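So this one's run-v2.txt, compact mmCIF, C-alpha atoms:
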```
# COMPACT_ATOMS: atom_id res chain seq x y z
CA MET A 1 10.53 0.90 30.06
CA ALA A 2 10.21 3.06 26.98
CA LEU A 3 9.73 1.33 23.65
CA GLU A 4 12.64 1.40 21.26
CA LYS A 5 12.07 3.72 18.30
CA PRO A 6 15.05 3.18 16.01
CA TYR A 7 13.30 5.20 13.28
CA SER A 8 13.37 8.49 15.20
CA ASP A 9 16.59 9.69 13.49
CA ILE A 10 15.26 9.45 9.92
CA PRO A 11 15.35 13.02 8.58
CA GLY A 12 12.14 14.72 7.45
CA THR A 13 10.03 11.76 8.49
CA VAL A 14 7.44 11.20 11.22
CA ILE A 15 6.47 7.56 11.63
CA PHE A 16 2.76 7.21 12.34
CA ASP A 17 3.17 4.93 15.33
CA ALA A 18 0.84 4.17 18.22
CA ASP A 19 1.82 7.36 20.11
CA GLN A 20 1.21 9.55 17.05
CA ALA A 21 -2.08 7.76 16.36
CA ARG A 22 -3.22 8.52 19.91
CA ARG A 23 -2.35 12.22 19.56
CA GLY A 24 -3.96 12.42 16.16
CA TYR A 25 -7.08 10.34 16.66
CA HIS A 26 -9.62 13.17 16.41
CA LEU A 27 -7.66 14.99 13.69
CA ASN A 28 -7.65 11.84 11.56
CA GLN A 29 -11.30 11.05 12.27
CA PHE A 30 -12.20 14.61 11.23
CA CYS A 31 -10.39 13.86 7.96
CA MET A 32 -12.41 10.64 7.51
CA SER A 33 -15.62 12.66 7.85
CA LEU A 34 -14.67 14.47 4.62
CA MET A 35 -15.33 11.30 2.63
CA LYS A 36 -19.02 12.30 2.68
CA ALA A 37 -20.01 14.96 0.15
CA GLU A 38 -22.38 16.75 2.56
CA ASN A 39 -19.59 17.08 5.14
CA ARG A 40 -17.21 18.48 2.52
CA THR A 41 -19.82 21.11 1.68
CA ARG A 42 -20.32 22.03 5.33
CA PHE A 43 -16.55 22.16 5.95
CA LYS A 44 -15.95 24.41 2.96
CA GLY A 45 -18.87 26.63 4.01
CA ASN A 46 -17.33 27.40 7.41
CA GLU A 47 -14.08 25.60 8.16
CA ARG A 48 -13.65 26.97 11.67
CA ALA A 49 -17.18 26.06 12.75
CA TYR A 50 -16.83 22.56 11.32
CA LEU A 51 -13.50 22.02 13.08
CA ASP A 52 -15.01 23.21 16.36
CA GLU A 53 -17.36 20.21 16.26
CA TRP A 54 -14.31 17.99 16.83
CA PRO A 55 -12.38 17.60 20.11
CA MET A 56 -9.12 18.54 18.41
CA SER A 57 -6.43 20.76 19.93
CA GLU A 58 -6.31 24.41 18.88
CA GLU A 59 -2.89 23.71 17.37
CA GLN A 60 -4.33 20.94 15.21
CA LYS A 61 -7.19 23.18 14.07
CA GLN A 62 -4.77 26.00 13.17
CA ALA A 63 -2.62 23.59 11.17
CA VAL A 64 -5.69 22.43 9.21
CA LEU A 65 -6.82 26.01 8.53
CA ALA A 66 -3.29 26.89 7.33
CA ARG A 67 -3.06 23.64 5.27
CA ASP A 68 0.29 23.09 6.96
CA PHE A 69 0.62 19.36 6.31
CA ASN A 70 4.01 18.96 7.98
CA ARG A 71 2.52 20.49 11.13
CA MET A 72 -0.55 18.25 10.93
CA ILE A 73 1.75 15.23 10.65
CA ALA A 74 3.79 16.39 13.65
CA LEU A 75 0.52 16.67 15.60
CA GLY A 76 -0.55 13.11 14.86
CA GLY A 77 -2.00 13.29 11.37
CA ASN A 78 -1.38 10.48 8.90
CA ILE A 79 -0.94 11.23 5.22
CA TYR A 80 -3.65 8.82 4.03
CA PHE A 81 -6.16 10.53 6.32
CA LEU A 82 -4.86 14.03 5.53
CA ALA A 83 -5.38 13.17 1.86
CA LYS A 84 -9.11 13.71 2.47
CA ILE A 85 -8.34 17.40 3.16
CA PHE A 86 -6.33 18.06 0.02
CA SER A 87 -8.79 16.00 -2.04
CA THR A 88 -11.55 18.28 -0.70
CA ASP A 89 -9.39 21.21 -1.91
CA GLY A 90 -9.05 19.54 -5.33
CA LYS A 91 -5.29 19.08 -4.89
CA SER A 92 -3.25 16.02 -5.84
CA PHE A 93 -0.84 13.87 -3.85
CA GLN A 94 2.00 15.25 -5.92
CA TYR A 95 0.97 18.87 -5.25
CA THR A 96 0.86 18.21 -1.52
CA ALA A 97 4.09 16.21 -1.47
CA ALA A 98 5.84 19.07 -3.24
CA ALA A 99 4.45 21.54 -0.70
CA MET A 100 5.71 19.41 2.20
CA THR A 101 9.22 19.35 0.73
CA GLY A 102 9.23 23.12 0.15
CA MET A 103 9.64 22.61 -3.62
CA THR A 104 7.45 23.90 -6.41
CA GLN A 105 5.29 21.21 -7.97
CA GLU A 106 7.25 21.56 -11.23
CA ALA A 107 10.61 21.06 -9.49
CA TYR A 108 9.26 18.11 -7.50
CA ALA A 109 7.76 16.44 -10.60
CA LEU A 110 11.08 16.89 -12.42
CA MET A 111 12.96 15.33 -9.49
CA MET A 112 10.65 12.31 -9.68
CA LEU A 113 11.13 11.99 -13.45
CA GLN A 114 14.87 12.02 -12.87
CA GLY A 115 14.64 9.06 -10.51
CA GLY A 116 13.37 10.61 -7.28
CA ARG A 117 15.09 11.84 -4.14
CA SER A 118 18.31 9.94 -3.49
CA PRO A 119 18.60 8.08 -0.20
CA ASP A 120 22.22 9.28 0.02
CA GLY A 121 22.38 11.92 2.71
CA ASN A 122 18.76 11.21 3.68
CA ARG A 123 19.10 8.10 5.82
CA ARG A 124 20.00 9.73 9.12
CA VAL A 125 19.92 13.16 10.68
CA GLY A 126 23.41 14.65 10.37
CA GLU A 127 24.54 12.22 7.68
CA THR A 128 26.81 13.77 5.05
CA PRO A 129 25.50 13.53 1.48
CA ALA A 130 28.38 11.26 0.47
CA GLY A 131 27.60 8.94 3.42
CA LYS A 132 27.45 5.27 2.66
CA ALA A 133 26.65 4.05 6.15
CA SER A 134 25.05 0.64 6.17
CA ASP A 135 22.08 -0.06 8.35
CA LYS A 136 23.06 -2.08 11.38
CA GLU A 137 20.44 -1.42 13.98
CA GLY A 138 17.30 -3.35 14.69
CA LYS A 139 18.90 -6.73 14.20
CA MET B 140 -8.23 -30.10 -4.34
CA ALA B 141 -7.44 -26.44 -4.64
CA ARG B 142 -3.86 -25.48 -5.45
CA ILE B 143 -1.73 -22.35 -5.65
CA THR B 144 -0.31 -22.08 -9.15
CA ALA B 145 1.45 -18.73 -9.22
CA GLY B 146 2.26 -15.56 -7.34
CA VAL B 147 2.04 -12.03 -8.69
CA ALA B 148 3.39 -8.88 -7.04
CA THR B 149 2.77 -5.32 -8.14
CA SER B 150 2.68 -1.78 -6.83
CA HIS B 151 -0.81 -0.30 -6.52
CA VAL B 152 -0.31 3.46 -7.04
CA PRO B 153 -3.68 5.30 -7.23
CA ALA B 154 -2.46 7.54 -10.10
CA ILE B 155 -2.16 4.40 -12.26
CA GLY B 156 -5.87 3.76 -11.78
CA ALA B 157 -6.66 7.39 -12.54
CA ALA B 158 -4.56 7.26 -15.74
CA LEU B 159 -6.50 4.19 -16.94
CA ASP B 160 -9.90 5.48 -15.87
CA ASN B 161 -9.32 8.83 -17.62
CA GLY B 162 -7.99 7.34 -20.85
CA ARG B 163 -4.45 8.67 -20.37
CA SER B 164 -2.55 5.35 -20.46
CA GLY B 165 -1.20 6.12 -23.95
CA GLU B 166 0.44 9.39 -22.88
CA PRO B 167 4.26 9.51 -22.98
CA TYR B 168 4.44 9.69 -19.17
CA TRP B 169 2.40 6.50 -18.70
CA ARG B 170 3.23 4.43 -21.80
CA PRO B 171 6.47 2.87 -20.41
CA LEU B 172 4.65 1.83 -17.26
CA PHE B 173 1.75 0.09 -19.00
CA ALA B 174 4.20 -1.53 -21.46
CA GLY B 175 5.66 -3.38 -18.48
CA TYR B 176 2.31 -5.12 -17.97
CA GLU B 177 1.67 -6.17 -21.59
CA PHE B 178 3.33 -9.56 -21.09
CA SER B 179 1.41 -10.00 -17.83
CA LYS B 180 -1.95 -9.48 -19.52
CA GLN B 181 -1.10 -12.15 -22.10
CA TRP B 182 0.21 -14.47 -19.41
CA ILE B 183 -2.90 -14.22 -17.26
CA ALA B 184 -5.16 -14.77 -20.27
CA ARG B 185 -3.40 -18.15 -20.67
CA ARG B 186 -3.12 -18.95 -16.99
CA LYS B 187 -6.32 -17.44 -15.67
CA PRO B 188 -6.99 -18.68 -12.12
CA ASP B 189 -10.39 -19.32 -10.60
CA VAL B 190 -9.59 -17.27 -7.51
CA VAL B 191 -7.03 -14.61 -6.56
CA VAL B 192 -6.19 -14.12 -2.90
CA LEU B 193 -5.25 -10.46 -3.11
CA ILE B 194 -3.00 -9.10 -0.36
CA TYR B 195 -3.29 -5.31 -0.10
CA ASN B 196 -3.71 -2.50 2.35
CA ASP B 197 -6.62 -0.18 2.90
CA HIS B 198 -5.72 3.53 2.78
CA ALA B 199 -8.14 5.05 5.32
CA SER B 200 -11.07 4.01 3.11
CA ALA B 201 -12.77 1.02 4.77
CA PHE B 202 -10.90 1.31 8.07
CA SER B 203 -10.75 4.56 10.01
CA LEU B 204 -8.80 4.72 13.28
CA ASP B 205 -11.80 3.27 15.11
CA ILE B 206 -10.76 -0.27 14.22
CA VAL B 207 -7.35 -1.22 12.81
CA PRO B 208 -7.06 -4.96 12.12
CA THR B 209 -3.54 -6.23 11.42
CA PHE B 210 -4.76 -9.00 9.10
CA ALA B 211 -8.36 -9.02 7.80
CA ILE B 212 -9.94 -11.41 5.31
CA GLY B 213 -12.97 -10.50 3.20
CA CYS B 214 -15.55 -13.31 3.32
CA ALA B 215 -18.40 -11.49 1.55
CA PRO B 216 -19.91 -12.51 -1.83
CA SER B 217 -19.00 -9.10 -3.27
CA PHE B 218 -17.15 -5.88 -2.52
CA GLN B 219 -17.88 -2.45 -3.98
CA PRO B 220 -15.13 -0.06 -5.14
CA ALA B 221 -14.64 2.52 -2.38
CA ASP B 222 -15.32 6.23 -2.71
CA GLU B 223 -11.91 7.57 -1.71
CA GLY B 224 -13.03 11.18 -1.75
CA TRP B 225 -13.42 11.77 -5.48
CA GLY B 226 -16.07 9.11 -6.27
CA PRO B 227 -15.56 5.34 -6.68
CA ARG B 228 -13.33 4.14 -9.53
CA PRO B 229 -15.45 3.19 -12.58
CA VAL B 230 -14.57 -0.50 -12.26
CA PRO B 231 -16.81 -3.54 -11.76
CA PRO B 232 -17.74 -4.79 -8.29
CA VAL B 233 -15.33 -7.43 -6.99
CA GLU B 234 -16.85 -10.88 -6.63
CA GLY B 235 -15.57 -12.81 -3.62
CA HIS B 236 -15.42 -16.51 -2.84
CA PRO B 237 -17.12 -16.85 0.56
CA GLU B 238 -16.65 -20.63 0.80
CA LEU B 239 -12.89 -20.57 0.21
CA ALA B 240 -12.46 -17.39 2.26
CA SER B 241 -14.22 -18.91 5.26
CA HIS B 242 -12.20 -22.08 4.88
CA ILE B 243 -8.97 -20.04 4.81
CA ALA B 244 -10.04 -18.09 7.90
CA GLN B 245 -10.73 -21.24 9.89
CA SER B 246 -7.58 -23.02 8.73
CA VAL B 247 -5.25 -20.07 9.19
CA ILE B 248 -6.56 -19.17 12.65
CA GLN B 249 -5.98 -22.77 13.66
CA GLN B 250 -2.39 -22.29 12.47
CA ASP B 251 -2.03 -19.41 14.99
CA PHE B 252 -2.71 -16.43 12.67
CA ASP B 253 -5.62 -14.52 14.16
CA LEU B 254 -7.34 -13.07 11.11
CA THR B 255 -10.18 -10.58 11.49
CA ILE B 256 -13.22 -11.68 9.48
CA ILE B 257 -14.87 -8.98 7.39
CA ASN B 258 -18.33 -9.52 5.93
CA ARG B 259 -18.95 -5.99 4.69
CA MET B 260 -16.22 -3.83 3.18
CA ASP B 261 -15.55 -1.53 0.25
CA VAL B 262 -12.22 -2.03 -1.50
CA ASP B 263 -9.98 0.88 -2.50
CA HIS B 264 -7.26 1.40 -5.12
CA GLY B 265 -4.93 -0.93 -3.21
CA LEU B 266 -7.04 -3.82 -4.45
CA THR B 267 -8.55 -2.53 -7.70
CA VAL B 268 -5.42 -1.06 -9.35
CA PRO B 269 -3.64 -4.46 -9.49
CA LEU B 270 -6.78 -5.98 -11.05
CA SER B 271 -6.81 -3.22 -13.67
CA LEU B 272 -3.12 -3.70 -14.44
CA LEU B 273 -3.54 -7.42 -15.11
CA PHE B 274 -7.06 -7.52 -16.60
CA GLY B 275 -7.48 -4.10 -18.20
CA GLN B 276 -10.98 -2.66 -18.32
CA PRO B 277 -13.46 -5.56 -18.57
CA GLU B 278 -17.23 -5.32 -17.98
CA ARG B 279 -16.80 -7.84 -15.20
CA TRP B 280 -13.61 -9.10 -13.47
CA PRO B 281 -12.81 -12.56 -14.88
CA VAL B 282 -11.79 -14.04 -11.50
CA ARG B 283 -13.15 -14.19 -8.00
CA VAL B 284 -11.11 -12.29 -5.45
CA ILE B 285 -10.56 -12.85 -1.75
CA PRO B 286 -9.32 -9.57 -0.24
CA LEU B 287 -6.72 -9.96 2.50
CA ALA B 288 -6.07 -6.54 4.03
CA VAL B 289 -2.88 -5.91 6.00
CA ASN B 290 -2.36 -2.90 8.24
CA VAL B 291 0.69 -1.00 7.00
CA VAL B 292 -0.66 2.49 7.79
CA LEU B 293 -0.46 2.50 11.59
CA PHE B 294 3.07 1.51 12.66
CA PRO B 295 4.03 -1.18 13.38
CA PRO B 296 2.77 -3.36 10.57
CA PRO B 297 3.28 -7.10 10.99
CA SER B 298 6.92 -8.12 10.63
CA GLY B 299 8.27 -9.50 7.38
CA ARG B 300 8.79 -12.85 9.09
CA ARG B 301 5.16 -12.92 10.27
CA CYS B 302 3.95 -12.14 6.75
CA PHE B 303 6.17 -14.83 5.23
CA GLU B 304 4.86 -17.39 7.71
CA LEU B 305 1.26 -16.31 7.05
CA GLY B 306 1.90 -17.07 3.37
CA LYS B 307 2.88 -20.62 4.29
CA ALA B 308 -0.26 -21.02 6.42
CA LEU B 309 -2.30 -19.68 3.51
CA ARG B 310 -0.82 -22.34 1.23
CA ASN B 311 -1.75 -25.09 3.72
CA ALA B 312 -5.25 -23.66 3.91
CA VAL B 313 -5.76 -23.55 0.13
CA GLU B 314 -4.34 -27.04 -0.36
CA SER B 315 -6.82 -28.46 2.16
CA PHE B 316 -9.87 -27.05 0.35
CA ASP B 317 -11.86 -29.86 -1.20
CA THR B 318 -12.83 -28.27 -4.50
CA ASP B 319 -10.66 -28.26 -7.59
CA LEU B 320 -9.64 -24.60 -7.86
CA ASP B 321 -6.71 -22.82 -9.47
CA VAL B 322 -5.65 -20.13 -6.98
CA GLN B 323 -3.11 -17.34 -7.33
CA VAL B 324 -1.79 -15.19 -4.52
CA TRP B 325 -1.02 -11.56 -5.30
CA GLY B 326 1.07 -9.30 -3.09
CA THR B 327 0.72 -5.56 -3.69
CA GLY B 328 2.11 -2.18 -2.62
CA GLY B 329 5.61 -0.69 -2.68
CA MET B 330 8.20 -0.34 -3.90
CA SER B 331 10.27 2.54 -2.49
CA HIS B 332 8.21 5.66 -1.86
CA GLN B 333 7.60 8.31 0.76
CA LEU B 334 4.49 10.47 0.57
CA GLN B 335 5.00 12.65 3.62
CA GLY B 336 7.24 15.34 5.06
CA PRO B 337 10.39 17.03 3.74
CA ARG B 338 11.83 13.65 2.62
CA ALA B 339 8.86 12.94 0.30
CA GLY B 340 9.87 11.64 -3.10
CA LEU B 341 12.52 9.22 -1.83
CA ILE B 342 13.30 6.44 -4.33
CA ASN B 343 15.96 3.77 -3.86
CA LYS B 344 16.38 1.86 -7.09
CA GLU B 345 19.42 -0.14 -5.97
CA TRP B 346 17.81 -1.27 -2.72
CA ASP B 347 14.53 -2.15 -4.47
CA ASN B 348 16.25 -4.33 -7.03
CA ARG B 349 18.45 -6.09 -4.53
CA TRP B 350 15.36 -6.72 -2.40
CA LEU B 351 13.59 -8.21 -5.44
CA ASP B 352 16.55 -10.50 -6.20
CA ARG B 353 16.48 -11.81 -2.67
CA LEU B 354 12.68 -12.07 -2.49
CA ILE B 355 12.90 -14.49 -5.39
CA ASP B 356 15.97 -16.51 -4.35
CA ASP B 357 16.29 -16.12 -0.60
CA PRO B 358 12.93 -15.07 0.88
CA GLY B 359 13.75 -16.42 4.34
CA GLU B 360 16.55 -13.85 4.51
CA VAL B 361 14.37 -10.98 3.24
CA ALA B 362 11.76 -11.92 5.85
CA ARG B 363 14.30 -11.01 8.55
CA ILE B 364 14.76 -7.41 7.36
CA PRO B 365 13.61 -5.15 10.22
CA HIS B 366 11.00 -2.45 9.61
CA VAL B 367 13.51 0.33 10.23
CA GLU B 368 15.51 -0.70 7.16
CA TYR B 369 12.41 -0.35 4.96
CA LEU B 370 11.64 3.06 6.46
CA ARG B 371 15.19 4.31 6.09
CA GLU B 372 16.06 2.80 2.69
CA ALA B 373 12.71 2.59 0.91
CA GLY B 374 10.76 5.48 2.50
CA SER B 375 8.05 5.58 5.14
CA GLU B 376 5.50 4.04 2.74
CA GLY B 377 8.01 1.52 1.32
CA VAL B 378 7.27 -0.70 4.33
CA GLU B 379 4.22 -1.86 2.35
CA LEU B 380 6.62 -4.35 0.78
CA VAL B 381 6.14 -6.73 3.72
CA MET B 382 2.88 -7.68 1.99
CA TRP B 383 4.82 -9.22 -0.91
CA LEU B 384 6.25 -11.72 1.58
CA ILE B 385 2.79 -13.24 2.12
CA MET B 386 2.64 -14.00 -1.60
CA ARG B 387 6.17 -15.39 -1.53
CA GLY B 388 5.46 -17.58 1.51
CA ALA B 389 2.50 -19.10 -0.31
CA LEU B 390 4.83 -20.40 -3.04
CA GLN B 391 7.47 -23.11 -2.80
CA SER B 392 11.04 -22.23 -1.84
CA LYS B 393 12.22 -22.63 -5.46
CA VAL B 394 10.38 -20.51 -7.99
CA ARG B 395 10.77 -19.53 -11.63
CA THR B 396 10.63 -15.87 -12.56
CA ILE B 397 8.14 -15.59 -15.41
CA HIS B 398 8.28 -11.80 -15.60
CA ARG B 399 10.01 -8.93 -13.82
CA PHE B 400 9.56 -5.18 -14.32
CA TYR B 401 10.74 -2.03 -12.56
CA HIS B 402 9.91 1.57 -13.40
CA VAL B 403 10.35 5.03 -11.86
CA PRO B 404 8.19 7.04 -11.41
CA ALA B 405 4.46 6.61 -11.13
CA SER B 406 3.60 9.90 -9.47
CA ASN B 407 5.63 9.62 -6.21
CA THR B 408 6.44 5.92 -6.37
CA ALA B 409 8.80 3.27 -7.74
CA VAL B 410 6.79 0.56 -9.46
CA GLY B 411 7.85 -3.08 -9.20
CA HIS B 412 6.16 -6.14 -10.66
CA VAL B 413 7.02 -9.85 -10.73
CA ILE B 414 5.27 -13.04 -11.76
CA LEU B 415 6.54 -16.20 -10.07
CA GLU B 416 5.60 -19.84 -10.57
CA ASN B 417 6.59 -22.81 -8.48
CA ALA B 418 9.70 -24.45 -9.98
CA THR B 419 8.35 -27.99 -9.65
```

Whole structure, structure tokens version:
Amino acid sequence: MALEKPYSDIPGTVIFDADQARRGYHLNQFCMSLMKAENRTRFKGNERAYLDEWPMSEEQKQAVLARDFNRMIALGGNIYFLAKIFSTDGKSFQYTAAAMTGMTQEAYALMMLQGGRSPDGNRRVGETPAGKASDKEGK
Amino acid sequence: MARITAGVATSHVPAIGAALDNGRSGEPYWRPLFAGYEFSKQWIARRKPDVVVLIYNDHASAFSLDIVPTFAIGCAPSFQPADEGWGPRPVPPVEGHPELASHIAQSVIQQDFDLTIINRMDVDHGLTVPLSLLFGQPERWPVRVIPLAVNVVLFPPPSGRRCFELGKALRNAVESFDTDLDVQVWGTGGMSHQLQGPRAGLINKEWDNRWLDRLIDDPGEVARIPHVEYLREAGSEGVELVMWLIMRGALQSKVRTIHRFYHVPASNTAVGHVILENAT
């Protein structure tokens, strides 16, 4: 019997669960390797060659080369591991978060200063922005 | 005998550590945040414990995906600040308390919580940012620290109920240690935040504050909140809040709120902070 995943209808959100962790194991372990300075240097010297040392899928490698973080997450990446990539690039969490939302960093930073993204309209796929549905599942 | 005298909870946002380490805590962006900890620094100077059991999560620093322990206790004499990809934070090494940590491990496992024992581990911002918030920038941390790492990165983390019950087992363990020690339990992480995907930046001030009210007055009820509510209401990384329930479980059912603070934003995150003491 399939496991219940009551979080699968949260918009714009991939939960890093056991299935995702299995898909993303080598992608995330590649990220961990970037915690060593000598590996960062080798990666930056020839990204493609460095990625080819890892048994990752071609799709995962392309997502890394394109710095498409939403794609990396869909393919099993976890943001705390992927942080090693944008840290290697000298980018911040806020820069990357803005990129994932499709906003400029300035617009994203302003949204945060104004109290962040509202949960209204962001709880469920298809929810209307005025929605005030309470959370009943999972009890 | 050892005793638990207070509980502290605080968010552990890495940007807070970076602001302190780079001398930016006086900037207009950061000043309101650090102001919320001024009382706490005075309080802990008066009520300084011998040992802090510090509940936190590792952020792909000490634990890769090779080994993912749900609950892990640090039993080493010391722990170095981790290099998280931009060099270790310029903070002192963390001194542990191997005797109490080993005692807790044995006692808690015998109460059916199967802790993983860690004898070598670096500690990341999840552990060192709370120390900086309460103690500032000393040459040496003024307390010993027992790290208790909880997996909240790979879903599912332990349930809120399991964390709350672990807190109670932790209290039994501390109270059966035969040396006179003043022990605090700190819970860290949260509050609402999401760092990934198109929904990044989610903040839910109303939910956070209602959760805090209930954590203080009705923790048994908060312990029953399912993970999906955290994910939906407080963001995918807001589920870190289950760690605060370990702190709460270690205290008595009636507590006094010594201090409470809430601030948005610290980078991508809502910051919450409470200090609780047992009412009797």

With 6 Å as the cut-off and only C-alpha atoms counted, what is the closest atom pair between each nearby residue of chain A and chain B? Distances in Å to one decimal, ordered by chain and number, as a Markdown table.
```
| residue | atom | partner | partner_atom | distance |
| --- | --- | --- | --- | --- |
| A:Tyr7 | CA | B:Val367 | CA | 5.8 |
| A:Gly12 | CA | B:Pro337 | CA | 4.7 |
| A:Thr13 | CA | B:Gly336 | CA | 5.7 |
| A:Phe16 | CA | B:Phe294 | CA | 5.7 |
| A:Asp17 | CA | B:Phe294 | CA | 4.3 |
| A:Met35 | CA | B:Gly224 | CA | 4.9 |
| A:Asn70 | CA | B:Gly336 | CA | 5.7 |
| A:Tyr80 | CA | B:His198 | CA | 5.8 |
| A:Phe81 | CA | B:Ala199 | CA | 5.9 |
| A:Met100 | CA | B:Gly336 | CA | 5.2 |
| A:Thr101 | CA | B:Pro337 | CA | 4.0 |
| A:Gly116 | CA | B:Ile342 | CA | 5.1 |
| A:Arg117 | CA | B:Leu341 | CA | 4.3 |
| A:Arg123 | CA | B:Arg371 | CA | 5.5 |
```

### Query
Taking into account all atoms listed in the file, which residue in the set A:Ala2, A:Ala49, A:Asp68, A:Gly76 is nearest to Leu27 (chain A)?
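Smallest distance to Leu27 (chain A) is found for A:Gly76.
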
### Message
Can you measure CA of Gly306 (chain B) to CA of Leu390 (chain B) for me? One decimal in Å is fine.
### Response
7.8 Å

Wanna dump the region 315-342 of chain B-region 266-273 of chain B contacts at 12 Å for me, each residue with its shortest atom pair and the distance in Å to one decimal, counting all atoms listed in the file, ordered by chain and number, as a tab-separated table?
```
residue	atom	partner	partner_atom	distance
B:Val324	CA	B:Pro269	CA	12.0
B:Trp325	CA	B:Pro269	CA	8.7
B:Gly326	CA	B:Pro269	CA	9.3
B:Thr327	CA	B:Pro269	CA	7.3
B:Gly328	CA	B:Pro269	CA	9.2
```

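Interatomic distance, CA of Val147 (chain B) against CA of Glu416 (chain B): 8.8 Å.
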
### Task
Go ahead and compute the interatomic distance for CA of Ile397 (chain B) and CA of Val413 (chain B), in Å to one decimal.
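One can read the CA of Ile397 (chain B) to CA of Val413 (chain B) distance as 7.5 Å.
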
### Task
Dig up all the protein and nucleic acid residues within 6 Å of (-11.7, 15.6, 4.8) in the file frame, using all atoms listed in the file, and format them as a PyMOL selection string.
chain A and resi 31-34+84-85

### Message
If we count only C-alpha atoms and set the cut-off at 9 Å, which residues sit around His398 (chain B), ignoring sequence neighbours fewer than 5 positions away in its own chain? Please answer as a PyMOL selection string.
### Response
chain B and resi 178-179+412-415

### Exercise: Leu305 (chain B) partners within 9 Å, all atoms listed in the file, chain neighbours under 3 positions left out, as an NGL selection string
:B and (247 or 250 or 252 or 300-302 or 308-310 or 384-385 or 388-389)

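The protein and nucleic acid residues lying at most 9 Å from Asp189 (chain B) are B:Pro281, B:Val282, B:Arg283, B:Val284, B:Leu320, B:Asp321, B:Val322, B:Gln323, with only C-alpha atoms considered and sequence neighbours fewer than 5 positions away removed.
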